[in-house]
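Heads up: the structure comes next, in structure tokens.
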Amino acid sequence: MESTGIVTVFFLLGFILFANARFSKDSGCGVTKGCFSDCRSWDGCTYLITWVQTSAGVDFTIKGSLMSSIDQYIAVGFSSDKKMGDDSVTECVMTNGNTFNVVNSFNVDDDDNEMTTAPATGLSSISGSYTNGILDCSFQRTNTTADPQITSLLTDWYLFWAIGRMKHSEKHEHEDWGISSKVVDLQIYEDVGELGKPKVKAHGCLTIIAWVGFCSIGVVLARYYKPMWISKKLFGAAIWIQVHRALMIAAALFNLIAVIVIFEGEFEIYGSSFQNAHPVLGMIVTVVSVLNCIGGFLRPGPKHKFRPYFNWAHLIMGLLSYILGVFTIGIGLSIDDAHVPFDVIYVLVAFVVYQISFEVILEFIDRTGKRKQSQAGSYDTKMNSVGESKTNVDENEKKAQEPEKKEQDQYCGKLKTYLLFLHIGIISSFTLSIMTVLAAY
Ligand SMILES: *[C@@H]1O[C@H](CO)[C@@H](O)[C@H](O)[C@H]1NC(C)=O
């Protein structure tokens, strides 16, 4: 439990120290100039493209937050559909942090971009700067050109935005991208945002249900509710194990679907190394949680010599995927594509604090119960330790033959049942509130 606390502190620190630099939006957006950006009302932008129609052509600015000062480009693309391919692109290239150039290129297909035959065609008044991590480029483009690969700006287009590295003076595949939420008329000054990324939102919601929701209930059942309701059965086995099993399999399954959804979207993270750890940690969580589910079915019998090893392995893998799962969600919420207000992280931290407190309370009840029983001389090993080294479910199942007595023996049994329902309510509220924020913004 202490480890969960330490992990929380670490991700808060990472969150604060390694978030992308953001800048505020141009107040002329939608009034004196057209804008396409990922600006958020609560903390500004990581990129902003503006345009103003003049008699000579269109004046553009491209502004963006860079993660480092290495040679990079920020591009604006003009597309008739929302897909990469067959699009005119104009990019600002930064070299050595002090040289700026603007050129035209063309998206041949969905993953190939080539320079146009005369990349400077139609471009003039190029200038740029790089200060405090923000690249700011401006240039003018004529309304039309003779080159069919350099599109007319009098036509309406979906705008693309992309950022990536330069390698040996060539553009490397973009590291992040965005698409305007609608077709843009460059002669009208609108303030246009990004097309939402529903797959990112779905991925987030599924993992939140899995780890914040299902797992938080499943873990307390396994740790504190083994000796409960032993006179009753659910589909032929103890209630706690059936519900625990169902919740954990659901968690692993939801997590797995979330991973498939995000892979389908082919998203990239343009962020700090802290944020780039998200997919790596996510894969560890996925592999460990699936293995632990499979392992659960291979549980050796209660008297088997491997049973204690199984118990420890199952516990360690379970805790690892739970703690790492919540931690990875925390990092995920910090990634720009999640598009959530920073404050949602406090809700996640509140959830962690709550979960730890709830387990401390149950731990206290169980220990008190154990002490009372040993004082009364009826010490019974059913209040087993985490490792289940002395006893186990199956013995509890045997005890079901004398249900009346055992039910009474369970210290604060009624209270624990009420607490469980309260816990389910509170966990559902946490899950729903984080999901709602993620889905709404
Ligand atoms: C470019 O287009 C704008 C808007 O249609 C027009 O006012 C302007 O005269 C055009 N400039 C040139 C050089 O064609």
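Naming scheme: A, B, ... for chains in displayed order of the structure tokens; residues 1 onward per chain; ligands 1 onward as shown.
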Hey, which bits of stretch 153-200 of chain A sit within 8 Å of stretch 40-64 of chain A, and for each residue what's the closest pair of atoms and how far apart in Å (one decimal), counting only C-alpha atoms, rows by chain and increasing number, as a Markdown table?
| residue | atom | partner | partner_atom | distance |
| --- | --- | --- | --- | --- |
| A:Leu153 | CA | A:Val58 | CA | 7.6 |
| A:Leu186 | CA | A:Trp51 | CA | 6.9 |
| A:Gln187 | CA | A:Gln53 | CA | 5.8 |
| A:Tyr189 | CA | A:Val52 | CA | 7.7 |
For the selection you just gave me, I'd like the residues written to a file as a JSON list (two decimals), in the first residue's frame, keeping N, CA and C atoms.
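Output (out01.json):
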[["chain", "number", "residue", "atom", "x", "y", "z"],
["A", 153, "LEU", "N", -5.30, 28.12, -52.71],
["A", 153, "LEU", "CA", -5.79, 28.48, -51.37],
["A", 153, "LEU", "C", -7.18, 29.12, -51.43],
["A", 186, "LEU", "N", -10.22, 29.63, -46.24],
["A", 186, "LEU", "CA", -9.11, 30.51, -45.82],
["A", 186, "LEU", "C", -9.42, 31.99, -46.02],
["A", 187, "GLN", "N", -10.53, 32.28, -46.68],
["A", 187, "GLN", "CA", -10.91, 33.68, -46.86],
["A", 187, "GLN", "C", -11.85, 34.15, -45.74],
["A", 189, "TYR", "N", -12.54, 34.17, -41.46],
["A", 189, "TYR", "CA", -11.76, 34.01, -40.23],
["A", 189, "TYR", "C", -12.53, 33.27, -39.15]]
Give me, as number ranges by chain, the residues of stretch 62-147 of chain A that a backbone DSSP run labels strand (DSSP E or B). A: 62-65, 72-79, 87-95, 99-109, 112-115, 123-131, 134-141
Quick one: write out the picked residues with C-alpha atoms as a short mmCIF file (atom, residue, chain, number, x, y, z; two decimals), in the first residue's frame?
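What landed in result_5.cif:
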data_model
loop_
_atom_site.label_atom_id
_atom_site.label_comp_id
_atom_site.auth_asym_id
_atom_site.auth_seq_id
_atom_site.Cartn_x
_atom_site.Cartn_y
_atom_site.Cartn_z
CA ILE A 62 2.75 28.20 -37.75
CA LYS A 63 3.45 28.12 -34.05
CA GLY A 64 4.19 25.01 -32.03
CA SER A 65 5.68 23.72 -28.80
CA GLN A 72 12.36 19.48 -36.61
CA TYR A 73 9.49 20.53 -38.85
CA ILE A 74 5.92 21.60 -38.31
CA ALA A 75 3.68 21.19 -41.34
CA VAL A 76 0.27 22.35 -42.46
CA GLY A 77 -1.51 20.14 -44.99
CA PHE A 78 -4.46 20.87 -47.29
CA SER A 79 -6.73 17.88 -47.78
CA ASP A 87 -2.49 16.42 -50.12
CA SER A 88 -0.48 19.59 -50.66
CA VAL A 89 1.75 20.29 -47.63
CA THR A 90 3.72 23.37 -46.56
CA GLU A 91 6.22 22.95 -43.76
CA CYS A 92 8.43 25.12 -41.63
CA VAL A 93 11.80 23.45 -41.03
CA MET A 94 14.04 24.44 -38.13
CA THR A 95 17.78 23.68 -38.39
CA THR A 99 17.67 28.65 -39.21
CA PHE A 100 14.13 28.53 -40.56
CA ASN A 101 12.91 27.63 -43.99
CA VAL A 102 9.48 27.04 -45.49
CA VAL A 103 8.96 24.61 -48.40
CA ASN A 104 6.22 22.72 -50.23
CA SER A 105 5.84 18.96 -50.31
CA PHE A 106 3.16 16.48 -51.30
CA ASN A 107 1.60 13.46 -49.62
CA VAL A 108 1.82 10.86 -52.37
CA ASP A 109 -0.13 8.30 -50.33
CA ASP A 112 4.76 8.82 -48.22
CA ASN A 113 5.55 12.51 -48.43
CA GLU A 114 7.81 13.89 -51.18
CA MET A 115 9.25 17.32 -51.91
CA LEU A 123 6.36 31.19 -50.99
CA SER A 124 7.83 34.48 -49.77
CA SER A 125 8.41 36.65 -46.65
CA ILE A 126 9.73 33.68 -44.66
CA SER A 127 10.80 34.31 -41.09
CA GLY A 128 11.05 32.26 -37.93
CA SER A 129 12.10 32.15 -34.30
CA TYR A 130 12.62 29.58 -31.59
CA THR A 131 12.31 30.81 -28.00
CA ILE A 134 8.20 27.51 -29.02
CA LEU A 135 8.80 27.51 -32.78
CA ASP A 136 7.12 30.42 -34.56
CA CYS A 137 7.21 30.64 -38.37
CA SER A 138 5.55 33.03 -40.75
CA PHE A 139 5.36 33.15 -44.55
CA GLN A 140 3.20 34.26 -47.42
CA ARG A 141 1.77 32.02 -50.12
#
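The coordinates place atom CA of A:Gly369 at 28.5 Å from atom CA of A:Ser428.
Between atom CA of A:Thr431 and atom CA of A:Asn255 there is a distance of 14.5 Å.
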Contacts of A:Ile209 at 12 Å or less, counting only C-alpha atoms, minus same-chain residues fewer than 6 places along, as a ChimeraX atom specification? /A:202-203,215-217,247-248,250-255,257-258,325-326,329,427-436
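Interatomic distance, atom CA of A:Gly332 to atom CA of A:Pro279: 8.9 Å.
When only C-alpha atoms and all ligand atoms are used to compute distances to ligand 1, the closest of the residues A:Val280, A:Ile188, A:Ile230, A:Val344 turns out to be A:Ile188.
With only C-alpha atoms and all ligand atoms as the basis for measurement, A:Gly122 is the residue among A:Gly122, A:Gly30, A:Gly193, A:Gly330 that approaches ligand 1 most closely.
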Near-A:Asp71 list (9 Å; only C-alpha atoms; drop same-chain fewer than 6 positions) as a PyMOL selection string: chain A and resi 93-97+164-167+169
With C-alpha atoms retained, export the selected residues as a PDB file, in the first residue's frame.
ATOM      1  CA  VAL A  93      11.802  23.452 -41.028  1.00  0.00           C
ATOM      2  CA  MET A  94      14.040  24.436 -38.134  1.00  0.00           C
ATOM      3  CA  THR A  95      17.777  23.680 -38.386  1.00  0.00           C
ATOM      4  CA  ASN A  96      20.289  24.202 -35.539  1.00  0.00           C
ATOM      5  CA  GLY A  97      17.615  26.009 -33.556  1.00  0.00           C
ATOM      6  CA  GLY A 164       8.341  15.483 -36.753  1.00  0.00           C
ATOM      7  CA  ARG A 165      12.111  15.290 -36.856  1.00  0.00           C
ATOM      8  CA  MET A 166      14.523  16.049 -39.659  1.00  0.00           C
ATOM      9  CA  LYS A 167      17.064  13.333 -40.418  1.00  0.00           C
ATOM     10  CA  SER A 169      17.901  17.087 -44.174  1.00  0.00           C
TER      11      SER A 169
END
Could you list, as JSON, numbers by chain, every residue within 12 Å of A:Leu438, counting only C-alpha atoms and ignoring same-chain residues fewer than 2 positions away? {"A": [196, 197, 198, 199, 200, 201, 202, 203, 204, 205, 206, 207, 208, 329, 332, 333, 334, 335, 336, 337, 338, 339, 340, 341, 342, 343, 344, 345, 347, 431, 432, 433, 434, 435, 436, 440, 441]}
Keeping only N, CA and C atoms, write the selected residues to a file as a compact mmCIF listing (two decimals), in the first residue's frame.
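Written output follows (again-v5.txt):
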# COMPACT_ATOMS: atom_id res chain seq x y z
N GLY A 196 -11.96 15.34 -33.07
CA GLY A 196 -11.74 14.50 -31.90
C GLY A 196 -11.12 13.17 -32.27
N LYS A 197 -10.52 12.51 -31.30
CA LYS A 197 -9.95 11.20 -31.56
C LYS A 197 -10.71 10.20 -30.70
N PRO A 198 -11.88 9.75 -31.20
CA PRO A 198 -12.76 8.90 -30.39
C PRO A 198 -12.09 7.61 -29.92
N LYS A 199 -11.13 7.12 -30.71
CA LYS A 199 -10.46 5.88 -30.30
C LYS A 199 -9.60 6.11 -29.06
N VAL A 200 -9.02 7.31 -28.95
CA VAL A 200 -8.24 7.63 -27.75
C VAL A 200 -9.16 7.66 -26.54
N LYS A 201 -10.33 8.28 -26.72
CA LYS A 201 -11.30 8.38 -25.62
C LYS A 201 -11.80 6.99 -25.22
N ALA A 202 -12.10 6.16 -26.22
CA ALA A 202 -12.59 4.81 -25.94
C ALA A 202 -11.53 4.01 -25.19
N HIS A 203 -10.29 4.14 -25.63
CA HIS A 203 -9.17 3.45 -24.98
C HIS A 203 -9.09 3.86 -23.52
N GLY A 204 -9.19 5.16 -23.26
CA GLY A 204 -9.12 5.67 -21.89
C GLY A 204 -10.27 5.14 -21.05
N CYS A 205 -11.49 5.23 -21.59
CA CYS A 205 -12.66 4.80 -20.82
C CYS A 205 -12.58 3.31 -20.47
N LEU A 206 -12.17 2.48 -21.42
CA LEU A 206 -12.09 1.04 -21.17
C LEU A 206 -11.06 0.72 -20.08
N THR A 207 -9.90 1.37 -20.12
CA THR A 207 -8.87 1.08 -19.11
C THR A 207 -9.30 1.59 -17.74
N ILE A 208 -10.03 2.72 -17.71
CA ILE A 208 -10.50 3.25 -16.43
C ILE A 208 -11.52 2.30 -15.80
N ILE A 329 -2.63 4.82 -16.41
CA ILE A 329 -3.79 5.68 -16.69
C ILE A 329 -3.44 7.13 -16.35
N GLY A 332 -1.40 8.45 -19.05
CA GLY A 332 -2.26 8.60 -20.23
C GLY A 332 -3.08 9.88 -20.18
N LEU A 333 -3.59 10.21 -19.00
CA LEU A 333 -4.41 11.42 -18.87
C LEU A 333 -3.59 12.68 -19.13
N SER A 334 -2.26 12.58 -18.98
CA SER A 334 -1.40 13.75 -19.20
C SER A 334 -1.06 13.95 -20.68
N ILE A 335 -1.32 12.94 -21.50
CA ILE A 335 -0.97 13.04 -22.92
C ILE A 335 -1.97 13.95 -23.63
N ASP A 336 -1.46 14.84 -24.48
CA ASP A 336 -2.31 15.85 -25.12
C ASP A 336 -3.53 15.27 -25.81
N ASP A 337 -3.35 14.13 -26.49
CA ASP A 337 -4.47 13.54 -27.22
C ASP A 337 -5.64 13.14 -26.32
N ALA A 338 -5.37 12.91 -25.04
CA ALA A 338 -6.46 12.57 -24.12
C ALA A 338 -7.38 13.78 -23.95
N HIS A 339 -6.77 14.98 -24.11
CA HIS A 339 -7.53 16.22 -24.12
C HIS A 339 -8.42 16.34 -22.88
N VAL A 340 -7.83 16.29 -21.72
CA VAL A 340 -8.60 16.46 -20.48
C VAL A 340 -7.96 17.56 -19.62
N PRO A 341 -8.77 18.26 -18.83
CA PRO A 341 -8.21 19.27 -17.93
C PRO A 341 -7.28 18.60 -16.92
N PHE A 342 -6.23 19.32 -16.54
CA PHE A 342 -5.25 18.80 -15.60
C PHE A 342 -5.90 18.30 -14.31
N ASP A 343 -6.95 18.99 -13.87
CA ASP A 343 -7.58 18.68 -12.58
C ASP A 343 -8.06 17.24 -12.45
N VAL A 344 -8.27 16.57 -13.57
CA VAL A 344 -8.76 15.19 -13.50
C VAL A 344 -7.74 14.31 -12.77
N ILE A 345 -6.48 14.74 -12.78
CA ILE A 345 -5.44 13.97 -12.10
C ILE A 345 -5.69 13.96 -10.58
N VAL A 347 -8.60 13.87 -9.20
CA VAL A 347 -9.66 12.87 -8.97
C VAL A 347 -9.02 11.49 -8.91
N THR A 431 -15.06 5.98 -11.01
CA THR A 431 -14.93 5.51 -12.40
C THR A 431 -15.75 6.39 -13.33
N LEU A 432 -17.01 6.64 -12.94
CA LEU A 432 -17.89 7.44 -13.80
C LEU A 432 -17.41 8.87 -13.94
N SER A 433 -16.90 9.46 -12.84
CA SER A 433 -16.50 10.87 -12.98
C SER A 433 -15.27 11.01 -13.87
N ILE A 434 -14.28 10.13 -13.72
CA ILE A 434 -13.09 10.25 -14.59
C ILE A 434 -13.49 10.00 -16.04
N MET A 435 -14.34 8.99 -16.25
CA MET A 435 -14.80 8.68 -17.61
C MET A 435 -15.57 9.84 -18.22
N THR A 436 -16.42 10.47 -17.42
CA THR A 436 -17.24 11.57 -17.93
C THR A 436 -16.35 12.73 -18.38
N ALA A 440 -16.21 13.99 -22.13
CA ALA A 440 -16.86 15.28 -22.37
C ALA A 440 -15.95 16.33 -23.02
N TYR A 441 -14.65 16.29 -22.73
CA TYR A 441 -13.79 17.36 -23.26
C TYR A 441 -13.21 17.05 -24.63
To test your reading of the structure, identify every residue in stretch 280-373 of chain A that backbone DSSP assigns to helix (DSSP H, G or I), and report it as an MDAnalysis selection string. chainID A and resid 280:297 307:334 336:338 344:373
What does the file look like for those residues with C-alpha atoms, as a short mmCIF file (atom, residue, chain, number, x, y, z; two decimals), in the first residue's frame?
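So the final result, stored in part.cif, reads:
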data_model
loop_
_atom_site.label_atom_id
_atom_site.label_comp_id
_atom_site.auth_asym_id
_atom_site.auth_seq_id
_atom_site.Cartn_x
_atom_site.Cartn_y
_atom_site.Cartn_z
CA VAL A 280 5.49 0.31 -22.72
CA LEU A 281 3.91 0.15 -19.25
CA GLY A 282 0.53 -0.52 -20.85
CA MET A 283 1.93 -3.57 -22.63
CA ILE A 284 3.44 -4.88 -19.38
CA VAL A 285 0.06 -4.46 -17.66
CA THR A 286 -1.68 -6.26 -20.52
CA VAL A 287 0.70 -9.23 -20.61
CA VAL A 288 0.81 -9.62 -16.81
CA SER A 289 -2.97 -9.33 -16.39
CA VAL A 290 -3.73 -11.87 -19.12
CA LEU A 291 -1.11 -14.29 -17.72
CA ASN A 292 -2.54 -13.89 -14.23
CA CYS A 293 -6.03 -14.74 -15.49
CA ILE A 294 -4.73 -17.87 -17.19
CA GLY A 295 -2.74 -18.68 -14.03
CA GLY A 296 -5.90 -18.35 -11.95
CA PHE A 297 -7.43 -21.28 -13.81
CA ARG A 307 -0.05 -23.90 -3.70
CA PRO A 308 1.88 -21.36 -1.56
CA TYR A 309 4.03 -20.43 -4.59
CA PHE A 310 0.93 -20.01 -6.67
CA ASN A 311 -0.61 -17.77 -4.05
CA TRP A 312 2.40 -15.48 -3.95
CA ALA A 313 2.85 -15.38 -7.72
CA HIS A 314 -0.86 -14.63 -8.21
CA LEU A 315 -0.75 -11.89 -5.60
CA ILE A 316 2.41 -10.24 -6.93
CA MET A 317 1.29 -10.32 -10.56
CA GLY A 318 -2.16 -9.07 -9.58
CA LEU A 319 -0.79 -6.17 -7.55
CA LEU A 320 1.73 -5.34 -10.27
CA SER A 321 -0.92 -5.06 -12.96
CA TYR A 322 -3.25 -3.10 -10.66
CA ILE A 323 -0.72 -0.52 -9.45
CA LEU A 324 0.95 -0.22 -12.85
CA GLY A 325 -2.47 -0.06 -14.54
CA VAL A 326 -3.59 2.93 -12.44
CA PHE A 327 -0.17 4.57 -12.84
CA THR A 328 -0.30 4.14 -16.63
CA ILE A 329 -3.79 5.68 -16.69
CA GLY A 330 -2.32 8.66 -14.82
CA ILE A 331 0.34 9.11 -17.50
CA GLY A 332 -2.26 8.60 -20.23
CA LEU A 333 -4.41 11.42 -18.87
CA SER A 334 -1.40 13.75 -19.20
CA ASP A 336 -2.31 15.85 -25.12
CA ASP A 337 -4.47 13.54 -27.22
CA ALA A 338 -6.46 12.57 -24.12
CA VAL A 344 -8.76 15.19 -13.50
CA ILE A 345 -5.44 13.97 -12.10
CA TYR A 346 -6.59 15.09 -8.63
CA VAL A 347 -9.66 12.87 -8.97
CA LEU A 348 -7.37 9.95 -9.80
CA VAL A 349 -5.15 10.74 -6.81
CA ALA A 350 -8.24 11.01 -4.58
CA PHE A 351 -9.25 7.57 -5.82
CA VAL A 352 -5.83 6.11 -4.90
CA VAL A 353 -5.97 7.69 -1.43
CA TYR A 354 -9.51 6.39 -0.94
CA GLN A 355 -8.64 2.85 -2.05
CA ILE A 356 -5.67 2.70 0.33
CA SER A 357 -7.80 4.04 3.22
CA PHE A 358 -10.54 1.52 2.55
CA GLU A 359 -8.05 -1.34 2.64
CA VAL A 360 -6.54 0.02 5.86
CA ILE A 361 -9.99 0.01 7.48
CA LEU A 362 -10.67 -3.61 6.43
CA GLU A 363 -7.19 -4.62 7.56
CA PHE A 364 -7.93 -3.06 10.95
CA ILE A 365 -11.28 -4.87 11.27
CA ASP A 366 -9.72 -8.22 10.36
CA ARG A 367 -6.80 -7.80 12.76
CA THR A 368 -9.10 -6.77 15.58
CA GLY A 369 -11.27 -9.79 14.86
CA LYS A 370 -8.26 -12.07 14.92
CA ARG A 371 -7.07 -10.66 18.22
CA LYS A 372 -10.50 -11.06 19.82
CA GLN A 373 -10.72 -14.64 18.66
#
